[in-house]
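The structure appears below as structure tokens.
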Amino acid sequence: MKSRLAAGSAAGAVLIAALSVPMSATAATDSADAQLSVLHGIPGVTVDVWVNGDLTLDDFEPSTLAGPLALPAATYSVAITAADAADATDQVVLGPIDLPLAASGNYTAVAHLTEGGDPAAAFFTNDTSATAAGEGRLTVRHVAAAPAVDILAGDTAVISGLTNPNEEILNLPAGVVPAAVAAAGTTEPVIGPADVDVKEGENTIVYAYGSLEDDTLALAVQSITGLHTPPAGIPAGQTGEAALAEAAQSSWLGLGAFGLLLAAAGALFVTRRSAAARR
Amino acid sequence: MRLSLVLVLVLPVLAGCASASAQGPSAQPAPSPSSASPTPTPSATPTPIAVPGSADAITPPSPQAPAPPAPPAPAPIPAPETTDADLAAVQVGDTIAPVRLAIPELAIDMPIDAMGLDEDGAMALPENASDAGWYRFGPGLRNTSGATVIASHIDSRHDGIGPFSRLKDASEGSIVSVGGSDGASVDYVVTSVRSVGKIDAPMAEVFDRSGDPRLTLVTCGGEFDSGTGHYVDNIILTAVPVAAASAGE
């Protein structure tokens with residue numbers, strides 16, 4: 001395992017990718033664009049990422065997330081090389097691989113280790129469907145050089161038998177989950193426990209990466225926001241008392257105005273009469 | 001116990017002045033995930049490395065893979081923003097809860113409780129009309145985007161008519177001061193006060209988490225329908241941070 005990793009880093013490094021489009025500022029508002037993020041989940045190796053032959057991520061460090069980039073739907077070719085590679089075909093660690101991005105899709109490409117410890121690339125489609133009001137989504141992805149695992153929330157396994165390179169998705173009431181990763185069927189954590197904040201209206205994606213054998217297991221997190229559903233309403237009145245008070249005030253105002261009118265008419269009448277009497 | 005049963009029974013009726021949109025929340029298009037900044041503060045150093053885009057750097061097609069259909073524009077690819085994905089770096093609890101609301105023009109000065117949802121999926125409010133509720137799942141104070149939503153009963157079975165009964169009388173330009181859980185307060189200036197029929201109650205807009213930071217105060221208003229037990233309108237006051245308001249002039 002160690003030697004494999006060393007070979008990997010000597011050869012260059014790892015993987016992944018991202019790409020681009022000239023107008024990144026406005027691209028994000030184009031709903032037809034795909035969103036691509038890239039996570040570096042291979043410990044100890046710094047790499048360069050090439051997209052369609054261009055250097056897109058220079059000296060990309062482990063446990064770093066790049067993106068999201070808004071990209072027109074297309075298939076992109078991604079290669080991962082050593083950090084000092086001269087071009088996309090020099091000192092290749094991974095790839096080139098093709099990433100087919102569909103319009104409006106949301107993706108994360110992950111450079112990681114297989115269960116056996118070899119560098120590999122995983123391509124995930126992120127769930128961006130709306131979450132229910134009050135809930136958040138927790139996505140757990142196993143991209144570590146480790147056998148099947150269980151995900152524990154407190155003492156309870158909420159996900160069982162998750163294997164590399166797969167994911168499980170849970171929709172939960174928003175809140176902090178004390179999460180731990182343990183070998184499948186056990187409760188002794190190999191990662192954590194760590195508090196994971198499953199935020200309302202977000203897809204919180206947790207990656208278990210690294211190597212069990214090398215003692216480099218760790219968690220990386222990606223958040224996708226804006227998935228919230230608003231409350232169904234704001235029930236902010238119960239008795240009608242305020243409306244009654246308002247109506248009553250209006251009637252008194254109305255009566256008052258009428259009274260003033262009467263007084264004015266009366267005064268006019270009196271004035272005229274006295275004027276007539278004087279005549 | 002009996003009281004709570006009664007409360008549960010009447011809740012659907014009380015879903016009140018802003019419940020109309022409950023029929024179609026799923027029809028609200030979810031804001032595009034791209035509309036909000038998807039990751040917390042970039043704590044790692046960005047890598048704005050210029051991409052060498054010279055034509056002679058083009059590499060020969062990879063021997064093992066057929067060349068993928070190249071995107072039409074072979075423009076240089078800008079380096080994407082990178083962030084530290086470490087759990088501790090990403091999950092910072094940075095929301096500042098509003099705890100006190102003051103609108104001098106309306107003689108309003110009331111405490112604010114953090115609230116979530118009621119049994120019907122509507123925004124929960126404090127029982128007393130003398131207290132306001134902040135929707136804790138949305139933005140707090142000194143947020144970088146979206147609406148901070150605070151609502152209160154116009155009238156309540158518990159303590160009668162509340163301060164928010166005067167919300168409709170607020171003038172554009174009035175100051176709304178909101179104290180935060182961090183001990184500091186933020187001043188907002190009122191930009192609009194409107195009455196919206198429940199049919200049109202724009203919940204997705206009221207609870208929008210994108211766009212410029214703003215404060216949205218909500219209560220019920222208009223006529224009270226004694227048949228259904230709820231008001232027919234929403235009163236929605238919008239205010240923007242004073243700094244932003246003066247900068248915009």
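We name chains A, B, ... following the order of the structure tokens; residues begin at 1 in each chain, and ligands are numbered from 1 as shown.
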Review point. Which neighbours of range 147-151 of chain B fall inside 10 Å, counting only C-alpha atoms, when residues of the same chain fewer than 5 positions from it are skipped, and could you give them as a VMD selection string?
Key: (chain A and resid 234 to 236) or (chain B and resid 97 to 98 101 112 to 115 123 to 126 129 131 to 142 164 205 to 220 235 to 240)
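The shortest atom-to-atom distance to chain B, with only C-alpha atoms taken into account, belongs to A:Leu227 out of A:Leu101, A:Ala247, A:Val149, A:Leu227.
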What's around range 67-76 of chain A at 6 Å? Count only C-alpha atoms, leave out sequence neighbours fewer than 4 positions away in its own chain, and write the answer as a short mmCIF file (atom, residue, chain, number, x, y, z; two decimals) with N, CA, C and O atoms, in the first residue's frame.
```
data_model
loop_
_atom_site.label_atom_id
_atom_site.label_comp_id
_atom_site.auth_asym_id
_atom_site.auth_seq_id
_atom_site.Cartn_x
_atom_site.Cartn_y
_atom_site.Cartn_z
N SER A 20 -13.62 24.58 -17.54
CA SER A 20 -14.03 25.78 -17.74
C SER A 20 -14.50 26.57 -18.74
O SER A 20 -14.31 26.43 -19.78
N ALA A 27 -21.74 32.52 -15.89
CA ALA A 27 -22.11 31.15 -16.22
C ALA A 27 -22.94 30.52 -15.11
O ALA A 27 -23.82 29.73 -15.36
N ALA A 28 -22.64 30.93 -13.88
CA ALA A 28 -23.33 30.31 -12.76
C ALA A 28 -24.82 30.57 -12.79
O ALA A 28 -25.60 29.88 -12.19
N ASP A 33 -26.25 25.14 -17.73
CA ASP A 33 -24.89 24.67 -17.52
C ASP A 33 -24.84 23.54 -16.50
O ASP A 33 -25.68 23.46 -15.61
N ALA A 34 -23.84 22.71 -16.64
CA ALA A 34 -23.59 21.69 -15.63
C ALA A 34 -22.68 22.31 -14.57
O ALA A 34 -21.97 23.28 -14.85
N GLN A 35 -22.74 21.77 -13.36
CA GLN A 35 -21.86 22.22 -12.29
C GLN A 35 -20.89 21.08 -11.98
O GLN A 35 -21.33 19.97 -11.69
N LEU A 36 -19.60 21.38 -12.02
CA LEU A 36 -18.62 20.34 -11.73
C LEU A 36 -17.69 20.76 -10.61
O LEU A 36 -17.10 21.84 -10.65
N SER A 37 -17.60 19.92 -9.60
CA SER A 37 -16.64 20.13 -8.52
C SER A 37 -15.63 18.99 -8.56
O SER A 37 -15.93 17.91 -9.08
N ASP A 98 -13.01 10.37 -19.46
CA ASP A 98 -14.06 11.23 -20.00
C ASP A 98 -15.13 11.49 -18.94
O ASP A 98 -15.61 10.55 -18.30
N LEU A 99 -15.47 12.74 -18.77
CA LEU A 99 -16.56 13.10 -17.86
C LEU A 99 -17.71 13.65 -18.70
O LEU A 99 -17.64 14.75 -19.21
N PRO A 100 -18.78 12.86 -18.83
CA PRO A 100 -19.94 13.33 -19.59
C PRO A 100 -20.84 14.20 -18.72
O PRO A 100 -21.47 13.71 -17.79
N LEU A 101 -20.87 15.50 -18.98
CA LEU A 101 -21.69 16.40 -18.18
C LEU A 101 -22.97 16.76 -18.93
O LEU A 101 -22.92 17.31 -20.02
N ALA A 102 -24.11 16.43 -18.31
CA ALA A 102 -25.40 16.76 -18.91
C ALA A 102 -25.83 18.16 -18.49
O ALA A 102 -25.43 18.65 -17.44
N ALA A 103 -26.67 18.78 -19.31
CA ALA A 103 -27.17 20.11 -18.99
C ALA A 103 -27.83 20.11 -17.62
O ALA A 103 -28.58 19.19 -17.27
N PRO B 80 -10.37 27.11 -11.30
CA PRO B 80 -11.54 27.25 -10.43
C PRO B 80 -11.10 27.63 -9.02
O PRO B 80 -9.95 27.44 -8.64
N GLU B 81 -12.05 28.14 -8.28
CA GLU B 81 -11.78 28.46 -6.89
C GLU B 81 -11.61 27.15 -6.12
O GLU B 81 -12.31 26.19 -6.36
#
```
Check your understanding: What residues in range 186-235 of chain A get the DSSP label strand (DSSP E or B)? Please answer as JSON, numbers by chain.
Key -> {"A": [189, 190, 191, 192, 193, 194, 195, 196, 197, 198, 203, 204, 205, 206, 207, 208, 209, 210, 211, 218, 219, 220, 221, 222, 223, 224]}
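CA of Thr225 in chain A is positioned 12.3 Å from CA of Gly146 in chain B.
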Review point. Leaving out range 151-165 of chain A and any residue of its chain fewer than 6 positions from it, which residues lie within 10 Å of it when counting only C-alpha atoms, given as an MDAnalysis selection string?
Key: chainID A and resid 110 112:116 120:124 140:145 176:189 191:196 208:209
Take the residues from that selection and put them in a file with N, CA, C and O atoms, as a compact mmCIF listing (two decimals), in the first residue's frame.
```txt
# COMPACT_ATOMS: atom_id res chain seq x y z
N VAL A 110 -13.92 12.73 -8.07
CA VAL A 110 -13.07 12.54 -6.90
C VAL A 110 -11.83 11.72 -7.26
O VAL A 110 -11.95 10.62 -7.81
N HIS A 112 -9.19 9.49 -5.74
CA HIS A 112 -9.19 8.77 -4.47
C HIS A 112 -8.43 7.46 -4.59
O HIS A 112 -7.83 7.17 -5.63
N LEU A 113 -8.47 6.68 -3.53
CA LEU A 113 -7.86 5.36 -3.54
C LEU A 113 -8.96 4.31 -3.60
O LEU A 113 -10.01 4.47 -3.00
N THR A 114 -8.68 3.26 -4.34
CA THR A 114 -9.61 2.13 -4.35
C THR A 114 -9.49 1.39 -3.03
O THR A 114 -8.60 1.67 -2.22
N GLU A 115 -10.38 0.43 -2.82
CA GLU A 115 -10.31 -0.35 -1.58
C GLU A 115 -8.93 -0.96 -1.44
O GLU A 115 -8.39 -1.09 -0.34
N GLY A 116 -8.32 -1.33 -2.58
CA GLY A 116 -7.00 -1.95 -2.55
C GLY A 116 -5.85 -0.95 -2.46
O GLY A 116 -4.69 -1.34 -2.35
N ALA A 120 -7.47 6.20 -8.18
CA ALA A 120 -8.59 6.02 -9.11
C ALA A 120 -9.41 7.30 -9.11
O ALA A 120 -9.23 8.18 -8.28
N ALA A 121 -10.30 7.38 -10.10
CA ALA A 121 -11.20 8.53 -10.17
C ALA A 121 -12.63 8.02 -10.06
O ALA A 121 -13.00 7.03 -10.68
N ALA A 122 -13.42 8.70 -9.24
CA ALA A 122 -14.84 8.37 -9.14
C ALA A 122 -15.64 9.59 -9.59
O ALA A 122 -15.23 10.72 -9.35
N PHE A 123 -16.72 9.32 -10.27
CA PHE A 123 -17.52 10.41 -10.82
C PHE A 123 -18.93 10.30 -10.26
O PHE A 123 -19.66 9.36 -10.56
N PHE A 124 -19.31 11.24 -9.39
CA PHE A 124 -20.61 11.18 -8.72
C PHE A 124 -21.57 12.23 -9.26
O PHE A 124 -21.17 13.36 -9.58
N VAL A 140 -23.26 10.21 2.07
CA VAL A 140 -21.99 9.66 2.54
C VAL A 140 -21.35 8.85 1.42
O VAL A 140 -21.99 7.97 0.83
N ARG A 141 -20.10 9.17 1.10
CA ARG A 141 -19.38 8.49 0.02
C ARG A 141 -18.12 7.83 0.55
O ARG A 141 -17.32 8.47 1.24
N HIS A 142 -17.98 6.57 0.23
CA HIS A 142 -16.82 5.79 0.66
C HIS A 142 -15.81 5.78 -0.48
O HIS A 142 -16.03 5.14 -1.51
N VAL A 143 -14.74 6.56 -0.32
CA VAL A 143 -13.69 6.59 -1.35
C VAL A 143 -12.32 6.33 -0.71
O VAL A 143 -11.30 6.89 -1.11
N ALA A 144 -12.33 5.49 0.32
CA ALA A 144 -11.09 5.22 1.06
C ALA A 144 -10.58 3.82 0.78
O ALA A 144 -11.34 2.92 0.42
N ALA A 145 -9.28 3.64 0.98
CA ALA A 145 -8.68 2.32 0.88
C ALA A 145 -9.01 1.58 2.18
O ALA A 145 -8.23 1.56 3.13
N VAL A 176 -27.16 18.74 14.01
CA VAL A 176 -25.82 18.17 14.07
C VAL A 176 -25.89 16.68 14.36
O VAL A 176 -26.59 16.24 15.28
N VAL A 177 -25.20 15.91 13.54
CA VAL A 177 -25.16 14.46 13.71
C VAL A 177 -23.75 14.07 14.19
O VAL A 177 -22.76 14.39 13.54
N PRO A 178 -23.67 13.40 15.35
CA PRO A 178 -22.36 12.92 15.80
C PRO A 178 -22.03 11.66 15.02
O PRO A 178 -22.45 10.58 15.39
N ALA A 179 -21.27 11.83 13.94
CA ALA A 179 -21.07 10.71 13.02
C ALA A 179 -19.71 10.04 13.21
O ALA A 179 -18.72 10.68 13.54
N ALA A 180 -19.72 8.73 13.00
CA ALA A 180 -18.47 7.98 13.06
C ALA A 180 -18.50 6.92 11.97
O ALA A 180 -19.56 6.49 11.53
N VAL A 181 -17.31 6.51 11.54
CA VAL A 181 -17.19 5.46 10.54
C VAL A 181 -16.53 4.27 11.22
O VAL A 181 -15.51 4.42 11.89
N ALA A 182 -17.15 3.10 11.06
CA ALA A 182 -16.59 1.89 11.67
C ALA A 182 -16.60 0.77 10.63
O ALA A 182 -17.37 0.82 9.68
N ALA A 183 -15.73 -0.20 10.81
CA ALA A 183 -15.75 -1.36 9.92
C ALA A 183 -17.14 -1.97 9.99
O ALA A 183 -17.77 -1.98 11.06
N ALA A 184 -17.65 -2.44 8.84
CA ALA A 184 -19.00 -2.98 8.80
C ALA A 184 -19.22 -4.01 9.91
O ALA A 184 -18.39 -4.90 10.12
N GLY A 185 -20.32 -3.86 10.61
CA GLY A 185 -20.67 -4.81 11.66
C GLY A 185 -20.01 -4.53 13.00
O GLY A 185 -20.21 -5.28 13.96
N THR A 186 -19.24 -3.46 13.08
CA THR A 186 -18.60 -3.12 14.35
C THR A 186 -19.03 -1.73 14.80
O THR A 186 -19.69 -1.00 14.05
N THR A 187 -18.65 -1.36 16.00
CA THR A 187 -19.01 -0.03 16.49
C THR A 187 -17.78 0.75 16.96
O THR A 187 -17.89 1.80 17.57
N GLU A 188 -16.60 0.19 16.68
CA GLU A 188 -15.37 0.90 17.08
C GLU A 188 -14.96 1.83 15.93
O GLU A 188 -14.60 1.38 14.85
N PRO A 189 -15.04 3.16 16.15
CA PRO A 189 -14.79 4.09 15.05
C PRO A 189 -13.38 3.99 14.48
O PRO A 189 -12.41 3.87 15.22
N ILE A 191 -12.96 6.36 11.98
CA ILE A 191 -12.94 7.81 11.79
C ILE A 191 -13.98 8.38 12.74
O ILE A 191 -15.09 7.89 12.85
N GLY A 192 -13.60 9.46 13.42
CA GLY A 192 -14.54 10.13 14.30
C GLY A 192 -14.61 9.52 15.67
O GLY A 192 -13.70 8.78 16.05
N PRO A 193 -15.68 9.79 16.43
CA PRO A 193 -16.85 10.55 15.97
C PRO A 193 -16.54 12.03 15.75
O PRO A 193 -15.68 12.58 16.42
N ALA A 194 -17.25 12.61 14.78
CA ALA A 194 -17.12 14.02 14.48
C ALA A 194 -18.51 14.60 14.26
O ALA A 194 -19.39 13.91 13.77
N ASP A 195 -18.68 15.85 14.68
CA ASP A 195 -19.99 16.48 14.50
C ASP A 195 -20.16 16.94 13.05
O ASP A 195 -19.37 17.75 12.56
N VAL A 196 -21.17 16.41 12.41
CA VAL A 196 -21.47 16.83 11.04
C VAL A 196 -22.77 17.62 11.08
O VAL A 196 -23.80 17.12 11.54
N ALA A 208 -15.45 9.78 3.04
CA ALA A 208 -14.46 9.09 3.86
C ALA A 208 -13.34 8.70 2.89
O ALA A 208 -13.57 7.95 1.95
N TYR A 209 -12.15 9.28 3.08
CA TYR A 209 -11.06 9.02 2.14
C TYR A 209 -9.79 8.67 2.90
O TYR A 209 -9.75 8.67 4.13
```
All alpha helix (DSSP H) residues (DSSP, backbone) inside range 48-261 of chain A, as a short mmCIF file (atom, residue, chain, number, x, y, z; two decimals) with N, CA and C atoms, in the first residue's frame:
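See part21.cif below for the written result:
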```
data_model
loop_
_atom_site.label_atom_id
_atom_site.label_comp_id
_atom_site.auth_asym_id
_atom_site.auth_seq_id
_atom_site.Cartn_x
_atom_site.Cartn_y
_atom_site.Cartn_z
N GLU A 241 -59.09 39.97 16.64
CA GLU A 241 -59.24 41.12 17.54
C GLU A 241 -58.65 42.39 16.92
N ALA A 242 -57.51 42.26 16.27
CA ALA A 242 -56.87 43.43 15.68
C ALA A 242 -57.73 44.02 14.57
N ALA A 243 -58.35 43.15 13.78
CA ALA A 243 -59.21 43.63 12.70
C ALA A 243 -60.43 44.33 13.27
N LEU A 244 -60.97 43.77 14.36
CA LEU A 244 -62.13 44.38 15.01
C LEU A 244 -61.79 45.77 15.52
N ALA A 245 -60.63 45.86 16.17
CA ALA A 245 -60.20 47.14 16.72
C ALA A 245 -60.03 48.16 15.61
N GLU A 246 -59.48 47.69 14.52
CA GLU A 246 -59.25 48.57 13.37
C GLU A 246 -60.59 49.07 12.83
N ALA A 247 -61.53 48.14 12.71
CA ALA A 247 -62.85 48.50 12.18
C ALA A 247 -63.55 49.49 13.11
N ALA A 248 -63.44 49.24 14.40
CA ALA A 248 -64.08 50.11 15.38
C ALA A 248 -63.50 51.52 15.29
N GLN A 249 -62.19 51.56 15.15
CA GLN A 249 -61.53 52.87 15.07
C GLN A 249 -62.03 53.61 13.83
N SER A 250 -62.19 52.89 12.74
CA SER A 250 -62.68 53.49 11.51
C SER A 250 -64.09 54.03 11.71
N SER A 251 -64.96 53.26 12.42
CA SER A 251 -66.31 53.75 12.60
C SER A 251 -66.34 55.01 13.45
N TRP A 252 -65.53 55.02 14.50
CA TRP A 252 -65.52 56.23 15.33
C TRP A 252 -65.03 57.41 14.53
N LEU A 253 -64.03 57.15 13.71
CA LEU A 253 -63.53 58.24 12.87
C LEU A 253 -64.65 58.72 11.95
N GLY A 254 -65.41 57.76 11.42
CA GLY A 254 -66.50 58.09 10.51
C GLY A 254 -67.56 58.91 11.25
N LEU A 255 -67.91 58.44 12.47
CA LEU A 255 -68.90 59.16 13.25
C LEU A 255 -68.41 60.57 13.56
N GLY A 256 -67.15 60.65 13.88
CA GLY A 256 -66.57 61.95 14.22
C GLY A 256 -66.67 62.90 13.04
N ALA A 257 -66.39 62.41 11.89
CA ALA A 257 -66.44 63.27 10.70
C ALA A 257 -67.88 63.71 10.45
N PHE A 258 -68.81 62.77 10.65
CA PHE A 258 -70.21 63.09 10.44
C PHE A 258 -70.66 64.16 11.43
N GLY A 259 -70.19 63.99 12.66
CA GLY A 259 -70.53 64.97 13.72
C GLY A 259 -70.02 66.35 13.35
N LEU A 260 -68.81 66.42 12.86
CA LEU A 260 -68.24 67.71 12.49
C LEU A 260 -69.08 68.36 11.39
N LEU A 261 -69.50 67.51 10.45
CA LEU A 261 -70.30 68.00 9.35
C LEU A 261 -71.62 68.58 9.88
#
```
Exercise for review: Can you pull out every residue within 9 Å of range 188-201 of chain B, counting only C-alpha atoms, but drop anything in the same chain fewer than 2 positions away, and send it as a PyMOL selection string?
Suggested key: (chain A and resi 233) or (chain B and resi 16-21+167-178+186+203-206+214-215+220-222+231-245)
Emit the selected residues as a compact mmCIF listing (two decimals), in the first residue's frame, including N, CA and C atoms.
```
# COMPACT_ATOMS: atom_id res chain seq x y z
N GLY A 233 -46.53 28.39 5.13
CA GLY A 233 -47.26 29.63 5.37
C GLY A 233 -46.76 30.28 6.64
N GLY B 16 -53.98 29.90 8.59
CA GLY B 16 -54.15 31.29 8.42
C GLY B 16 -53.79 32.03 7.19
N CYS B 17 -53.31 33.23 7.46
CA CYS B 17 -53.29 34.20 6.40
C CYS B 17 -52.28 33.90 5.34
N ALA B 18 -51.37 33.02 5.64
CA ALA B 18 -50.36 32.80 4.61
C ALA B 18 -50.29 31.36 4.19
N SER B 19 -51.37 30.66 4.39
CA SER B 19 -51.28 29.23 4.13
C SER B 19 -51.60 28.84 2.70
N ALA B 20 -52.07 29.78 1.94
CA ALA B 20 -52.49 29.41 0.60
C ALA B 20 -51.40 28.75 -0.21
N SER B 21 -50.20 29.25 -0.04
CA SER B 21 -49.14 28.71 -0.86
C SER B 21 -48.77 27.29 -0.47
N LEU B 167 -47.55 47.19 12.07
CA LEU B 167 -46.56 47.04 11.00
C LEU B 167 -47.00 47.72 9.70
N LYS B 168 -48.29 47.64 9.42
CA LYS B 168 -48.82 48.20 8.17
C LYS B 168 -48.65 49.72 8.11
N ASP B 169 -48.44 50.35 9.27
CA ASP B 169 -48.32 51.81 9.30
C ASP B 169 -46.88 52.30 9.15
N ALA B 170 -45.94 51.38 8.98
CA ALA B 170 -44.53 51.79 8.86
C ALA B 170 -44.34 52.62 7.60
N SER B 171 -43.44 53.62 7.70
CA SER B 171 -43.16 54.47 6.55
C SER B 171 -41.87 54.03 5.88
N GLU B 172 -41.81 54.19 4.58
CA GLU B 172 -40.56 53.93 3.89
C GLU B 172 -39.51 54.87 4.45
N GLY B 173 -38.33 54.35 4.70
CA GLY B 173 -37.27 55.18 5.26
C GLY B 173 -37.15 55.06 6.77
N SER B 174 -38.14 54.46 7.41
CA SER B 174 -38.05 54.28 8.86
C SER B 174 -36.95 53.30 9.21
N ILE B 175 -36.43 53.44 10.41
CA ILE B 175 -35.35 52.56 10.85
C ILE B 175 -35.89 51.37 11.64
N VAL B 176 -35.36 50.19 11.31
CA VAL B 176 -35.65 48.98 12.06
C VAL B 176 -34.32 48.50 12.62
N SER B 177 -34.26 48.38 13.93
CA SER B 177 -33.01 47.99 14.56
C SER B 177 -33.13 46.58 15.13
N VAL B 178 -32.20 45.71 14.75
CA VAL B 178 -32.28 44.31 15.20
C VAL B 178 -31.04 43.95 15.99
N VAL B 186 -27.99 45.58 14.18
CA VAL B 186 -27.90 45.98 12.78
C VAL B 186 -29.11 46.87 12.47
N MET B 203 -44.44 32.68 -0.55
CA MET B 203 -43.56 32.11 0.45
C MET B 203 -42.13 31.89 -0.05
N ALA B 204 -42.00 31.47 -1.31
CA ALA B 204 -40.65 31.24 -1.83
C ALA B 204 -39.87 32.55 -1.88
N GLU B 205 -40.58 33.63 -2.14
CA GLU B 205 -39.91 34.93 -2.18
C GLU B 205 -39.60 35.42 -0.77
N VAL B 206 -40.56 35.26 0.13
CA VAL B 206 -40.34 35.70 1.52
C VAL B 206 -39.13 34.98 2.11
N ARG B 214 -31.35 41.18 3.22
CA ARG B 214 -32.48 42.04 3.57
C ARG B 214 -33.23 41.44 4.75
N LEU B 215 -34.08 42.28 5.33
CA LEU B 215 -34.89 41.87 6.47
C LEU B 215 -36.34 41.86 6.03
N CYS B 220 -50.11 39.03 9.90
CA CYS B 220 -51.36 38.93 9.14
C CYS B 220 -52.00 40.31 9.06
N GLY B 221 -52.99 40.44 8.17
CA GLY B 221 -53.66 41.72 8.06
C GLY B 221 -54.91 41.61 7.21
N GLY B 222 -55.49 42.77 6.95
CA GLY B 222 -56.71 42.79 6.18
C GLY B 222 -57.89 42.36 7.04
N TYR B 231 -57.04 35.51 8.90
CA TYR B 231 -57.00 36.76 8.15
C TYR B 231 -56.82 36.47 6.66
N VAL B 232 -57.23 37.40 5.84
CA VAL B 232 -57.16 37.15 4.41
C VAL B 232 -55.87 37.64 3.77
N ASP B 233 -55.13 38.50 4.47
CA ASP B 233 -53.92 39.05 3.87
C ASP B 233 -52.66 38.79 4.70
N ASN B 234 -51.54 38.97 4.04
CA ASN B 234 -50.24 39.05 4.71
C ASN B 234 -49.77 40.48 4.64
N ILE B 235 -49.20 40.97 5.73
CA ILE B 235 -48.51 42.25 5.67
C ILE B 235 -47.02 41.90 5.60
N ILE B 236 -46.35 42.38 4.58
CA ILE B 236 -44.93 42.06 4.39
C ILE B 236 -44.12 43.35 4.33
N LEU B 237 -43.25 43.52 5.30
CA LEU B 237 -42.38 44.70 5.33
C LEU B 237 -40.97 44.28 4.92
N THR B 238 -40.39 45.01 4.00
CA THR B 238 -39.03 44.70 3.57
C THR B 238 -38.11 45.86 3.93
N ALA B 239 -36.94 45.54 4.46
CA ALA B 239 -35.96 46.56 4.82
C ALA B 239 -34.58 46.08 4.41
N VAL B 240 -33.71 47.03 4.14
CA VAL B 240 -32.34 46.66 3.75
C VAL B 240 -31.37 47.29 4.74
N PRO B 241 -30.19 46.69 4.88
CA PRO B 241 -29.22 47.25 5.82
C PRO B 241 -28.94 48.72 5.48
N VAL B 242 -28.82 49.54 6.51
CA VAL B 242 -28.61 50.97 6.29
C VAL B 242 -27.39 51.24 5.42
N ALA B 243 -26.34 50.48 5.65
CA ALA B 243 -25.12 50.68 4.86
C ALA B 243 -25.39 50.48 3.37
N ALA B 244 -26.15 49.43 3.07
CA ALA B 244 -26.46 49.14 1.67
C ALA B 244 -27.37 50.22 1.10
N ALA B 245 -28.32 50.69 1.94
CA ALA B 245 -29.27 51.69 1.46
C ALA B 245 -28.57 52.99 1.09
```
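Counting only C-alpha atoms, the residue from B:Ala102, B:Ile108, B:Ala79, B:Ala88 that sits nearest to chain A is B:Ala79.
Closest approach to chain A among B:Ala184, B:Ile96, B:Ile161, B:Ile103 is made by B:Ile161 (distances from only C-alpha atoms).
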